[in-house]
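Notes follow the structure.
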Amino acid sequence: SELQEWRPVIYRRCTDTLWLLLFCLFWAGLMFITGYAVMAGAAERLVLGYDSFGNICGRKNAPVKGAPLSGQDMTNKKYVFFLNSCNLEMQSLKISSLSLCVSSCPQEQLNSLEDLQSFARNNGSFLCIYNLNVSSYTQNSKAAQLCPTLPVPPSKSFPLFNRCVPQNPECYSKYASVLISMVNEMDVFHRILSGILAGRDTVIGLSVLALAFSLILVLAFRFIRTLLVHTLIALVVFGLLFVSGVLWWLYYDYRNDPSTELETEKENVKFLLGYAIFSTIVTVVLLSLMFVLRKRLRFTVQLFRIVGKIIGRIPFLLFQPLWTFLILIVFWVFWVAVLLSLGTAGTAQATSGGQVEYRALSGICYMAWYHFVGLIWTSEFILACQQMVIAGAVVTCYFNRNKNSPPSHPVLSSVSVLFCYHLGTAAKGSFLITVLRIPRIVLLYLYNILKQKKNAKCLFKCCFCWFCCQESCLRYFNQHAYTTTAINGTNFCTSAKDADCILARNSAKLASISCFGDFLLFLGKVFVVCFTVFGGLMAFNYHRELQAWVVPLLLVGFFAYLMSHSFLSVFEVTADAMFLCFAVDMETNDGTAEKPYFVDQELLTFVSQSNKLTEGQKHRSARPFHDNEDGTELQPM
């Protein structure tokens with residue numbers, strides 16, 4: 001790149017417009033899927049349960065054509081009761097016995113029709129078909145067919161699916177065997193949805209916990225001291241060792257539990273083993289890196305003091321992750337709601353006997369994949385917008401000649417530049433990350449199919465690691481491309497090329513410096529994830545039955561990492577943008593009166609000392625400059 005191409009510009013043009021149009025078209029498809037899922041889905045069926053006539057228990061229902069007993073108000077009838085609970089049979093993933101919605105389960109055994117009538121009058125819970133009046137229980141000749149098989153065993157409501165489970169040992173064993181068969185034959189997708197719905201309160205609580213940890217770390221890094229860094233490292237070491245130990249203990253406990261019969265429980269054991277191995281490897285690697293980089297602690301503290309000084313000039317940067325977090329939360333809630341509706345999309349069709357069956361709609365699988373790509377692309381797009389806003393504000397302040405009088409409203413200026421000119425660049429950068437994420441997901445799917453073959457297993461692991469490395473490298477270059485776009489106003493490809501060239505020429509000066517700060521920020525993210533996952537382990541471990549809680553726990557860990565990344569990326573993006581601006585400053589200026597440096601003395605001294613420590617090379621000393629010296633200055637839009 002020529003030197004004048006690196007001068008900050010005031011007048012800009014729109015970049016990567018076609019990619020912004022593509023992103024809008026993609027979201028039009030998401031809106032179509034959302035409308036379809038809302039119209040055809042019913043997420044309540046996964047948890048609340050429904051009777052044989054198409055009524056969902058615990059809510060008002062719309063009538064189904066051809067089913068006279070459908071469309072009833074079941075607001076006060078929250079439990080599913082099977083008329084023949086002691087002799088259940090499975091036929092094509094459906095229980096053969098008729099089921100009703102009742103307000104309460106019988107706590108005592110009912111031996112006659114008179115007992116059923118007395119129970120209905122005393123408790124308001126009717127155990128016979130809806131169109132049979134209570135007074136006709138003992139008079140109607142068909143009452144034996146319309147009422148439950150006698151004797152009715154005592155039962156209690158099941159905590160997850162709101163079923164009345166018989167407490168008689170013989171009936172319970174038959175009931176449990178049928179229920180185990182039904183759950184084991186359910187699609188994994190529906191089992192995971194059931195786990196998310198059942199543990200939704202815990203998932204929300206853990207997300208709030210991750211938010212609190214992230215806010216604490218943001219304040220800690222803003223006013224960082226050497227003692228605070230030692231405390232953080234000690235907590236990370238403790239968290240890694242403790243979480244790894246708990247995961248191995250839970251795996252041992254589950255594996256030796258003789259009552260593990262459900263497929264969901266077996267999946268929990270498999271996932272726990274994978275979590276334990278992964279956590280142990282991460283712990284060993286991070287402890288080794290901490291030992292190697294222990295001598296760089298002083299420079300890391302000094303680096304964050306300089307970054308904190310820049311953030312002190314732009315205090316509203318600390319609020320930027322909060323807005324990003326709120327937008328991500330709104331999007332994630334929307335995404336999960338659509339996913340739940342999409343997973344239960346089906347048409348209610350009446351059978352010959354007036355009963356109702358729900359039949360799955362075709363094409364749902366393809367819509368789910370499209371919806372999942374929307375989750376990745378949109379989340380990455382939101383994070384890319386945050387990176388561009390922070391980088392734009394830092395660039396504005398760096399290329400300001402008077403350091404004691406920073407530009408007014410640099411964050412608002414950066415936001416306006418982003419929305420007016422560079423949304424397409426953010427869409428393109430986030431799309432590239434999405435493209436690398438999708439093959440990893442496909443590889444995981446193929447790995448589960450071919451995991452019995454050793455050669456294929458090894459090949460898939462190598463490919464998976466390769467894509468992970470590619471994604472990490474792409475994220476690094478994306479961040480610098482966004483900063484270059486904030487400086488020059490060029491499109492994504494041009495900015496990435498220019499950033500790559502200048503970083504290659506200055507890698508010896510900047511690589512060893514930025515890695516220290518990035519590693520400490522990564523430890524902060526590990527701290528948030530470790531303690532959030534530990535809270536999830538303790539919370540989910542109390543709900544083992546019929547609950548695929550390990551996958552929701554993985555979702556919580558992913559959300560915790562995204563939250564911590566969203567908040568701590570303020571320091572990461574600020575430091576990287578500052579060093580890139582420093583490299584541009586060193587290349588385009590020489591410290592003379594005609595081309596004075598924009599850098600302040602503290603940053604230049606820090607870079608010089610760090611390079612002397614790592615390479616033993618001497619760098620140019622900064623020439624004194626004053627506020628009235630000439631030079632190109634970036635003004636806020």
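Letters A, B, ... mark the chains of the structure tokens in the order given; residue numbers begin at 1 per chain; ligand numbers begin at 1, in order shown.
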Which polymer residues have any atom within 9 Å of an atom of stretch 560-573 of chain A, counting only C-alpha atoms, with same-chain residues fewer than 6 positions away left out, as a PyMOL selection string? chain A and resi 206-207+209-211+213-215+217-218+221-222+304+307-308+311+317-322+324-325+328+383+386-388+390-391+394+479-480+483+514+517-518+521-522+524-526+528-529+532-533
Write a file of the selected residues as a PDB file, in the first residue's frame, keeping C-alpha atoms.
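Below is the file that was written, selection-v4.pdb:
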```pdb
ATOM      1  CA  LEU A 206     -27.157 -19.137  34.562  1.00  0.00           C
ATOM      2  CA  SER A 207     -27.211 -16.540  31.769  1.00  0.00           C
ATOM      3  CA  LEU A 209     -24.866 -15.272  36.393  1.00  0.00           C
ATOM      4  CA  ALA A 210     -22.589 -15.107  33.334  1.00  0.00           C
ATOM      5  CA  LEU A 211     -23.644 -11.492  32.812  1.00  0.00           C
ATOM      6  CA  PHE A 213     -19.281 -12.274  36.072  1.00  0.00           C
ATOM      7  CA  SER A 214     -18.665 -10.404  32.800  1.00  0.00           C
ATOM      8  CA  LEU A 215     -19.533  -7.029  34.358  1.00  0.00           C
ATOM      9  CA  LEU A 217     -14.346  -8.537  34.933  1.00  0.00           C
ATOM     10  CA  VAL A 218     -14.941  -5.385  32.861  1.00  0.00           C
ATOM     11  CA  PHE A 221      -9.713  -4.765  33.810  1.00  0.00           C
ATOM     12  CA  ARG A 222     -10.585  -1.065  33.770  1.00  0.00           C
ATOM     13  CA  PHE A 304      -3.927  -2.632  30.245  1.00  0.00           C
ATOM     14  CA  VAL A 307      -5.722   0.672  27.199  1.00  0.00           C
ATOM     15  CA  GLY A 308      -7.587   1.864  30.297  1.00  0.00           C
ATOM     16  CA  ILE A 311     -11.053   3.980  27.425  1.00  0.00           C
ATOM     17  CA  LEU A 317     -17.055   2.421  25.256  1.00  0.00           C
ATOM     18  CA  LEU A 318     -17.711   0.481  28.466  1.00  0.00           C
ATOM     19  CA  PHE A 319     -21.466   0.684  27.792  1.00  0.00           C
ATOM     20  CA  GLN A 320     -21.130  -0.611  24.242  1.00  0.00           C
ATOM     21  CA  PRO A 321     -21.040  -4.314  25.267  1.00  0.00           C
ATOM     22  CA  LEU A 322     -24.198  -3.794  27.343  1.00  0.00           C
ATOM     23  CA  THR A 324     -24.628  -5.576  22.290  1.00  0.00           C
ATOM     24  CA  PHE A 325     -25.569  -8.017  25.045  1.00  0.00           C
ATOM     25  CA  LEU A 328     -28.014 -10.609  21.492  1.00  0.00           C
ATOM     26  CA  LEU A 383     -20.439  -8.890  17.312  1.00  0.00           C
ATOM     27  CA  GLN A 386     -19.603  -3.938  17.999  1.00  0.00           C
ATOM     28  CA  GLN A 387     -15.991  -4.420  16.879  1.00  0.00           C
ATOM     29  CA  MET A 388     -16.383  -1.803  14.158  1.00  0.00           C
ATOM     30  CA  ILE A 390     -15.148   0.300  19.095  1.00  0.00           C
ATOM     31  CA  ALA A 391     -12.429   0.369  16.419  1.00  0.00           C
ATOM     32  CA  VAL A 394     -10.388   4.342  18.973  1.00  0.00           C
ATOM     33  CA  GLN A 479     -10.812  -7.655  13.480  1.00  0.00           C
ATOM     34  CA  HIS A 480      -7.895  -5.847  11.816  1.00  0.00           C
ATOM     35  CA  THR A 483     -10.109  -1.354  11.992  1.00  0.00           C
ATOM     36  CA  SER A 514      -0.564  -8.099  21.760  1.00  0.00           C
ATOM     37  CA  GLY A 517      -3.017  -8.996  26.601  1.00  0.00           C
ATOM     38  CA  ASP A 518      -5.046 -11.412  24.458  1.00  0.00           C
ATOM     39  CA  LEU A 521      -8.385 -11.604  28.293  1.00  0.00           C
ATOM     40  CA  PHE A 522      -8.818 -15.227  27.264  1.00  0.00           C
ATOM     41  CA  GLY A 524     -10.996 -13.850  31.845  1.00  0.00           C
ATOM     42  CA  LYS A 525     -13.369 -15.588  29.416  1.00  0.00           C
ATOM     43  CA  VAL A 526     -12.324 -18.970  30.799  1.00  0.00           C
ATOM     44  CA  VAL A 528     -16.663 -16.717  33.290  1.00  0.00           C
ATOM     45  CA  VAL A 529     -17.294 -20.016  31.479  1.00  0.00           C
ATOM     46  CA  THR A 532     -21.039 -20.552  34.984  1.00  0.00           C
ATOM     47  CA  VAL A 533     -20.665 -24.197  33.940  1.00  0.00           C
TER      48      VAL A 533
END
```
What lies within 7 Å of stretch 59-74 of chain A using only C-alpha atoms, ignoring chain neighbours under 2 positions off, as number ranges by chain? A: 53-57, 76-77, 350, 354-356
Selection file, C-alpha atoms, as a PDB file, in the first residue's frame:
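Writing the result to selection.pdb gives the following:
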```
ATOM      1  CA  PHE A  53     -58.782 -35.476  21.441  1.00  0.00           C
ATOM      2  CA  GLY A  54     -56.177 -32.837  20.581  1.00  0.00           C
ATOM      3  CA  ASN A  55     -56.573 -30.702  23.704  1.00  0.00           C
ATOM      4  CA  ILE A  56     -53.327 -29.391  25.227  1.00  0.00           C
ATOM      5  CA  CYS A  57     -53.536 -29.596  29.009  1.00  0.00           C
ATOM      6  CA  ASN A  76     -57.456 -25.858  35.239  1.00  0.00           C
ATOM      7  CA  LYS A  77     -56.721 -29.358  33.949  1.00  0.00           C
ATOM      8  CA  ALA A 350     -59.081 -36.348  13.337  1.00  0.00           C
ATOM      9  CA  GLY A 354     -63.148 -38.780  16.982  1.00  0.00           C
ATOM     10  CA  GLN A 355     -59.605 -38.775  18.313  1.00  0.00           C
ATOM     11  CA  VAL A 356     -56.813 -36.470  17.087  1.00  0.00           C
TER      12      VAL A 356
END
```
Quick one: pull the distance between atom CA of A:Ser136 and atom CA of A:Cys105, Å, one decimal. 20.9 Å
Looking at A:Leu523, A:Leu22, A:Cys515, A:Ile281, which one is nearest to A:Phe299, with distances taken over only C-alpha atoms?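 Closest to A:Phe299, using only C-alpha atoms: A:Cys515.
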Picked from stretch 10-98 of chain A by DSSP as alpha helix (DSSP H), as a list in words: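 Across stretch 10-98 of chain A, those assigned alpha helix (DSSP H) are Thr17, Leu18, Trp19, Leu20, Leu21, Leu22, Phe23, Cys24, Leu25, Phe26, Trp27, Ala28, Gly29, Leu30, Met31, Phe32, Ile33, Thr34, Gly35, Tyr36, Ala37, Val38, Met39, Ala40, Glu44, Arg45, Leu46 and Val47 of chain A.
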Using only C-alpha atoms, which protein or nucleic acid residues come within 9 Å of A:Trp19? Drop anything in the same chain fewer than 5 positions from it, and give the result as a list in words. Cys24, Leu423, Gly424, Thr425, Ala426, Ala427, Lys428 and Phe431 of chain A
Please save N, CA, C and O atoms of the selected residues as a tab-separated table (two decimals), in the first residue's frame.
```tsv
chain	number	residue	atom	x	y	z
A	24	CYS	N	-29.93	-8.98	4.01
A	24	CYS	CA	-31.34	-8.62	4.14
A	24	CYS	C	-32.24	-9.69	3.52
A	24	CYS	O	-33.30	-10.03	4.07
A	423	LEU	N	-22.14	-1.35	7.00
A	423	LEU	CA	-22.88	-2.54	7.43
A	423	LEU	C	-22.60	-3.72	6.50
A	423	LEU	O	-22.56	-4.88	6.94
A	424	GLY	N	-22.38	-3.47	5.23
A	424	GLY	CA	-22.06	-4.55	4.30
A	424	GLY	C	-20.74	-5.22	4.62
A	424	GLY	O	-20.60	-6.45	4.48
A	425	THR	N	-19.75	-4.43	5.09
A	425	THR	CA	-18.47	-5.01	5.49
A	425	THR	C	-18.64	-5.94	6.69
A	425	THR	O	-18.05	-7.03	6.74
A	426	ALA	N	-19.46	-5.52	7.67
A	426	ALA	CA	-19.73	-6.38	8.83
A	426	ALA	C	-20.45	-7.65	8.40
A	426	ALA	O	-20.18	-8.75	8.92
A	427	ALA	N	-21.39	-7.55	7.46
A	427	ALA	CA	-22.12	-8.72	6.98
A	427	ALA	C	-21.18	-9.70	6.27
A	427	ALA	O	-21.29	-10.92	6.44
A	428	LYS	N	-20.24	-9.17	5.47
A	428	LYS	CA	-19.31	-10.05	4.75
A	428	LYS	C	-18.35	-10.74	5.70
A	428	LYS	O	-18.11	-11.95	5.59
A	431	PHE	N	-20.17	-13.40	7.59
A	431	PHE	CA	-20.52	-14.53	6.72
A	431	PHE	C	-19.35	-15.49	6.56
A	431	PHE	O	-19.53	-16.71	6.53
```
Using atom CA of A:Ser85 and atom CA of A:Pro166 as the two end points, give the distance in Å to one decimal. 7.0 Å
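In the backbone-derived DSSP annotation, strand (DSSP E) within stretch 265-511 of chain A comprises Gly346, Thr347, Ala348, Gln349, Ala350, Val356, Glu357, Tyr358, Arg359 and Ala360 of chain A.
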Name all residues at most 12 Å from A:Gly124 (count only C-alpha atoms; drop same-chain ones fewer than 6 positions away) and give them as a list in words.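 Here the answer would be Asn76, Lys77, Val102, Ser103, Ser104, Cys105, Pro106, Leu116, Gln117, Ser118 and Val134 of chain A.
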Emit the selected residues as a PDB file, in the first residue's frame, including all heavy atoms.
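The resulting file, out_8.pdb, is reproduced below:
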```pdb
ATOM      1  N   ASN A  76     -57.573 -25.293  33.884  1.00  0.00           N
ATOM      2  CA  ASN A  76     -57.456 -25.858  35.239  1.00  0.00           C
ATOM      3  C   ASN A  76     -57.165 -27.356  35.228  1.00  0.00           C
ATOM      4  O   ASN A  76     -57.100 -27.973  36.290  1.00  0.00           O
ATOM      5  CB  ASN A  76     -58.739 -25.597  36.017  1.00  0.00           C
ATOM      6  CG  ASN A  76     -59.002 -24.112  36.215  1.00  0.00           C
ATOM      7  OD1 ASN A  76     -58.073 -23.344  36.437  1.00  0.00           O
ATOM      8  ND2 ASN A  76     -60.263 -23.705  36.118  1.00  0.00           N
ATOM      9  N   LYS A  77     -57.009 -27.932  34.065  1.00  0.00           N
ATOM     10  CA  LYS A  77     -56.721 -29.358  33.949  1.00  0.00           C
ATOM     11  C   LYS A  77     -55.316 -29.512  33.371  1.00  0.00           C
ATOM     12  O   LYS A  77     -55.136 -29.514  32.150  1.00  0.00           O
ATOM     13  CB  LYS A  77     -57.759 -30.050  33.067  1.00  0.00           C
ATOM     14  CG  LYS A  77     -59.181 -29.927  33.610  1.00  0.00           C
ATOM     15  CD  LYS A  77     -60.195 -30.605  32.699  1.00  0.00           C
ATOM     16  CE  LYS A  77     -61.600 -30.492  33.266  1.00  0.00           C
ATOM     17  NZ  LYS A  77     -62.601 -31.152  32.387  1.00  0.00           N
ATOM     18  N   VAL A 102     -56.804 -33.872  33.313  1.00  0.00           N
ATOM     19  CA  VAL A 102     -57.507 -33.842  34.599  1.00  0.00           C
ATOM     20  C   VAL A 102     -56.879 -32.771  35.481  1.00  0.00           C
ATOM     21  O   VAL A 102     -55.731 -32.355  35.284  1.00  0.00           O
ATOM     22  CB  VAL A 102     -57.461 -35.216  35.298  1.00  0.00           C
ATOM     23  CG1 VAL A 102     -58.158 -36.273  34.455  1.00  0.00           C
ATOM     24  CG2 VAL A 102     -56.020 -35.636  35.577  1.00  0.00           C
ATOM     25  N   SER A 103     -57.644 -32.319  36.475  1.00  0.00           N
ATOM     26  CA  SER A 103     -57.150 -31.269  37.366  1.00  0.00           C
ATOM     27  C   SER A 103     -56.262 -31.816  38.474  1.00  0.00           C
ATOM     28  O   SER A 103     -55.438 -31.089  39.027  1.00  0.00           O
ATOM     29  CB  SER A 103     -58.330 -30.497  37.970  1.00  0.00           C
ATOM     30  OG  SER A 103     -59.200 -31.389  38.647  1.00  0.00           O
ATOM     31  N   SER A 104     -56.428 -33.099  38.830  1.00  0.00           N
ATOM     32  CA  SER A 104     -55.577 -33.711  39.852  1.00  0.00           C
ATOM     33  C   SER A 104     -55.544 -35.210  39.646  1.00  0.00           C
ATOM     34  O   SER A 104     -56.481 -35.800  39.101  1.00  0.00           O
ATOM     35  CB  SER A 104     -56.079 -33.381  41.263  1.00  0.00           C
ATOM     36  OG  SER A 104     -57.377 -33.906  41.472  1.00  0.00           O
ATOM     37  N   CYS A 105     -54.464 -35.832  40.071  1.00  0.00           N
ATOM     38  CA  CYS A 105     -54.312 -37.279  39.959  1.00  0.00           C
ATOM     39  C   CYS A 105     -54.889 -37.948  41.218  1.00  0.00           C
ATOM     40  O   CYS A 105     -54.785 -37.405  42.320  1.00  0.00           O
ATOM     41  CB  CYS A 105     -52.841 -37.649  39.802  1.00  0.00           C
ATOM     42  SG  CYS A 105     -52.038 -36.883  38.376  1.00  0.00           S
ATOM     43  N   PRO A 106     -55.483 -39.133  41.069  1.00  0.00           N
ATOM     44  CA  PRO A 106     -56.031 -39.825  42.257  1.00  0.00           C
ATOM     45  C   PRO A 106     -54.910 -40.269  43.203  1.00  0.00           C
ATOM     46  O   PRO A 106     -53.989 -40.980  42.801  1.00  0.00           O
ATOM     47  CB  PRO A 106     -56.774 -41.018  41.654  1.00  0.00           C
ATOM     48  CG  PRO A 106     -56.145 -41.248  40.324  1.00  0.00           C
ATOM     49  CD  PRO A 106     -55.710 -39.903  39.829  1.00  0.00           C
ATOM     50  N   LEU A 116     -65.117 -43.495  41.609  1.00  0.00           N
ATOM     51  CA  LEU A 116     -64.820 -42.491  40.597  1.00  0.00           C
ATOM     52  C   LEU A 116     -65.761 -41.299  40.714  1.00  0.00           C
ATOM     53  O   LEU A 116     -65.348 -40.138  40.599  1.00  0.00           O
ATOM     54  CB  LEU A 116     -64.939 -43.099  39.193  1.00  0.00           C
ATOM     55  CG  LEU A 116     -63.898 -44.149  38.789  1.00  0.00           C
ATOM     56  CD1 LEU A 116     -64.245 -44.740  37.429  1.00  0.00           C
ATOM     57  CD2 LEU A 116     -62.512 -43.530  38.734  1.00  0.00           C
ATOM     58  N   GLN A 117     -67.036 -41.584  40.942  1.00  0.00           N
ATOM     59  CA  GLN A 117     -68.021 -40.511  41.076  1.00  0.00           C
ATOM     60  C   GLN A 117     -67.746 -39.666  42.316  1.00  0.00           C
ATOM     61  O   GLN A 117     -67.788 -38.436  42.285  1.00  0.00           O
ATOM     62  CB  GLN A 117     -69.427 -41.124  41.144  1.00  0.00           C
ATOM     63  CG  GLN A 117     -70.554 -40.121  41.092  1.00  0.00           C
ATOM     64  CD  GLN A 117     -71.909 -40.811  41.121  1.00  0.00           C
ATOM     65  OE1 GLN A 117     -72.211 -41.576  42.054  1.00  0.00           O
ATOM     66  NE2 GLN A 117     -72.731 -40.561  40.103  1.00  0.00           N
ATOM     67  N   SER A 118     -67.431 -40.325  43.423  1.00  0.00           N
ATOM     68  CA  SER A 118     -67.128 -39.597  44.657  1.00  0.00           C
ATOM     69  C   SER A 118     -65.862 -38.763  44.503  1.00  0.00           C
ATOM     70  O   SER A 118     -65.794 -37.610  44.961  1.00  0.00           O
ATOM     71  CB  SER A 118     -66.978 -40.589  45.812  1.00  0.00           C
ATOM     72  OG  SER A 118     -66.602 -39.922  46.996  1.00  0.00           O
ATOM     73  N   VAL A 134     -71.205 -36.582  35.442  1.00  0.00           N
ATOM     74  CA  VAL A 134     -70.809 -37.241  36.695  1.00  0.00           C
ATOM     75  C   VAL A 134     -71.935 -38.102  37.239  1.00  0.00           C
ATOM     76  O   VAL A 134     -71.710 -39.214  37.747  1.00  0.00           O
ATOM     77  CB  VAL A 134     -70.395 -36.175  37.733  1.00  0.00           C
ATOM     78  CG1 VAL A 134     -70.010 -36.844  39.050  1.00  0.00           C
ATOM     79  CG2 VAL A 134     -69.265 -35.324  37.214  1.00  0.00           C
TER      80      VAL A 134
END
```
Neighbouring residues of stretch 436-440 of chain A were defined as those with any atom within 8 Å, considering only C-alpha atoms; residues of the same chain fewer than 6 positions away were excluded. Please report them as a ChimeraX atom specification. /A:373,376,464,467-468,470-471
Those residues you just picked out, can you put them in a file as an mmCIF file, in the first residue's frame with N, CA and C atoms?
```cif
data_model
loop_
_atom_site.group_PDB
_atom_site.id
_atom_site.type_symbol
_atom_site.label_atom_id
_atom_site.label_comp_id
_atom_site.auth_asym_id
_atom_site.auth_seq_id
_atom_site.Cartn_x
_atom_site.Cartn_y
_atom_site.Cartn_z
ATOM 1 N N VAL A 373 -28.296 -21.680 10.705
ATOM 2 C CA VAL A 373 -27.335 -20.795 10.031
ATOM 3 C C VAL A 373 -27.640 -19.340 10.378
ATOM 4 N N ILE A 376 -25.987 -18.400 13.721
ATOM 5 C CA ILE A 376 -24.544 -18.143 13.655
ATOM 6 C C ILE A 376 -24.261 -16.819 12.951
ATOM 7 N N PHE A 464 -11.804 -31.403 11.823
ATOM 8 C CA PHE A 464 -12.460 -30.506 12.781
ATOM 9 C C PHE A 464 -11.449 -29.531 13.381
ATOM 10 N N PHE A 467 -10.492 -26.817 10.789
ATOM 11 C CA PHE A 467 -11.488 -25.758 10.658
ATOM 12 C C PHE A 467 -11.468 -24.829 11.877
ATOM 13 N N CYS A 468 -11.201 -25.372 13.054
ATOM 14 C CA CYS A 468 -11.095 -24.520 14.249
ATOM 15 C C CYS A 468 -9.936 -23.536 14.109
ATOM 16 N N GLN A 470 -8.579 -22.492 11.305
ATOM 17 C CA GLN A 470 -8.926 -21.538 10.255
ATOM 18 C C GLN A 470 -9.851 -20.448 10.784
ATOM 19 N N GLU A 471 -10.802 -20.836 11.609
ATOM 20 C CA GLU A 471 -11.735 -19.844 12.161
ATOM 21 C C GLU A 471 -11.021 -18.858 13.082
#
```
If you count only C-alpha atoms, which residues fall within 10 Å of A:Met578, apart from same-chain ones fewer than 2 positions away, as a list in words? Ile306, Val307, Ile310, Ala391, Val394, Val395, Cys397, Tyr398, Thr483, Glu572, Val573, Thr574, Ala575, Asp576, Leu580, Cys581, Phe582, Ala583, Val584, Val599 and Leu603 of chain A
Using only C-alpha atoms, which residue out of A:Gly591, A:Gly557, A:Gly489, A:Gly343 lies closest to A:Arg12?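 Smallest separation from A:Arg12 among the options: A:Gly489.
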Determine, counting only C-alpha atoms, which protein, DNA and RNA residues have an atom within 9 Å of an atom of A:Ser379; residues of the same chain fewer than 3 positions away are not included. Present the result as a PDB file with N, CA and C atoms, in the first residue's frame.
```
ATOM      1  N   LEU A 328     -28.205  -9.161  21.622  1.00  0.00           N
ATOM      2  CA  LEU A 328     -28.014 -10.609  21.492  1.00  0.00           C
ATOM      3  C   LEU A 328     -29.065 -11.386  22.280  1.00  0.00           C
ATOM      4  N   PHE A 331     -32.318 -11.330  20.413  1.00  0.00           N
ATOM      5  CA  PHE A 331     -32.241 -12.212  19.250  1.00  0.00           C
ATOM      6  C   PHE A 331     -32.267 -13.681  19.663  1.00  0.00           C
ATOM      7  N   TRP A 332     -31.514 -14.035  20.714  1.00  0.00           N
ATOM      8  CA  TRP A 332     -31.494 -15.440  21.153  1.00  0.00           C
ATOM      9  C   TRP A 332     -32.855 -15.896  21.644  1.00  0.00           C
ATOM     10  N   GLY A 374     -28.927 -19.008  10.498  1.00  0.00           N
ATOM     11  CA  GLY A 374     -29.301 -17.652  10.905  1.00  0.00           C
ATOM     12  C   GLY A 374     -28.799 -17.300  12.286  1.00  0.00           C
ATOM     13  N   LEU A 375     -28.790 -18.274  13.195  1.00  0.00           N
ATOM     14  CA  LEU A 375     -28.254 -18.028  14.536  1.00  0.00           C
ATOM     15  C   LEU A 375     -26.781 -17.638  14.473  1.00  0.00           C
ATOM     16  N   ILE A 376     -25.987 -18.400  13.721  1.00  0.00           N
ATOM     17  CA  ILE A 376     -24.544 -18.143  13.655  1.00  0.00           C
ATOM     18  C   ILE A 376     -24.261 -16.819  12.951  1.00  0.00           C
ATOM     19  N   ILE A 382     -23.748  -9.187  14.730  1.00  0.00           N
ATOM     20  CA  ILE A 382     -23.901  -8.255  15.851  1.00  0.00           C
ATOM     21  C   ILE A 382     -22.554  -7.998  16.518  1.00  0.00           C
ATOM     22  N   LEU A 383     -21.766  -9.064  16.715  1.00  0.00           N
ATOM     23  CA  LEU A 383     -20.439  -8.890  17.312  1.00  0.00           C
ATOM     24  C   LEU A 383     -19.504  -8.108  16.391  1.00  0.00           C
ATOM     25  N   ALA A 384     -19.634  -8.307  15.075  1.00  0.00           N
ATOM     26  CA  ALA A 384     -18.811  -7.551  14.129  1.00  0.00           C
ATOM     27  C   ALA A 384     -19.149  -6.065  14.177  1.00  0.00           C
ATOM     28  N   SER A 430     -18.768 -11.414   8.915  1.00  0.00           N
ATOM     29  CA  SER A 430     -19.484 -12.409   9.724  1.00  0.00           C
ATOM     30  C   SER A 430     -19.900 -13.611   8.882  1.00  0.00           C
TER      31      SER A 430
END
```
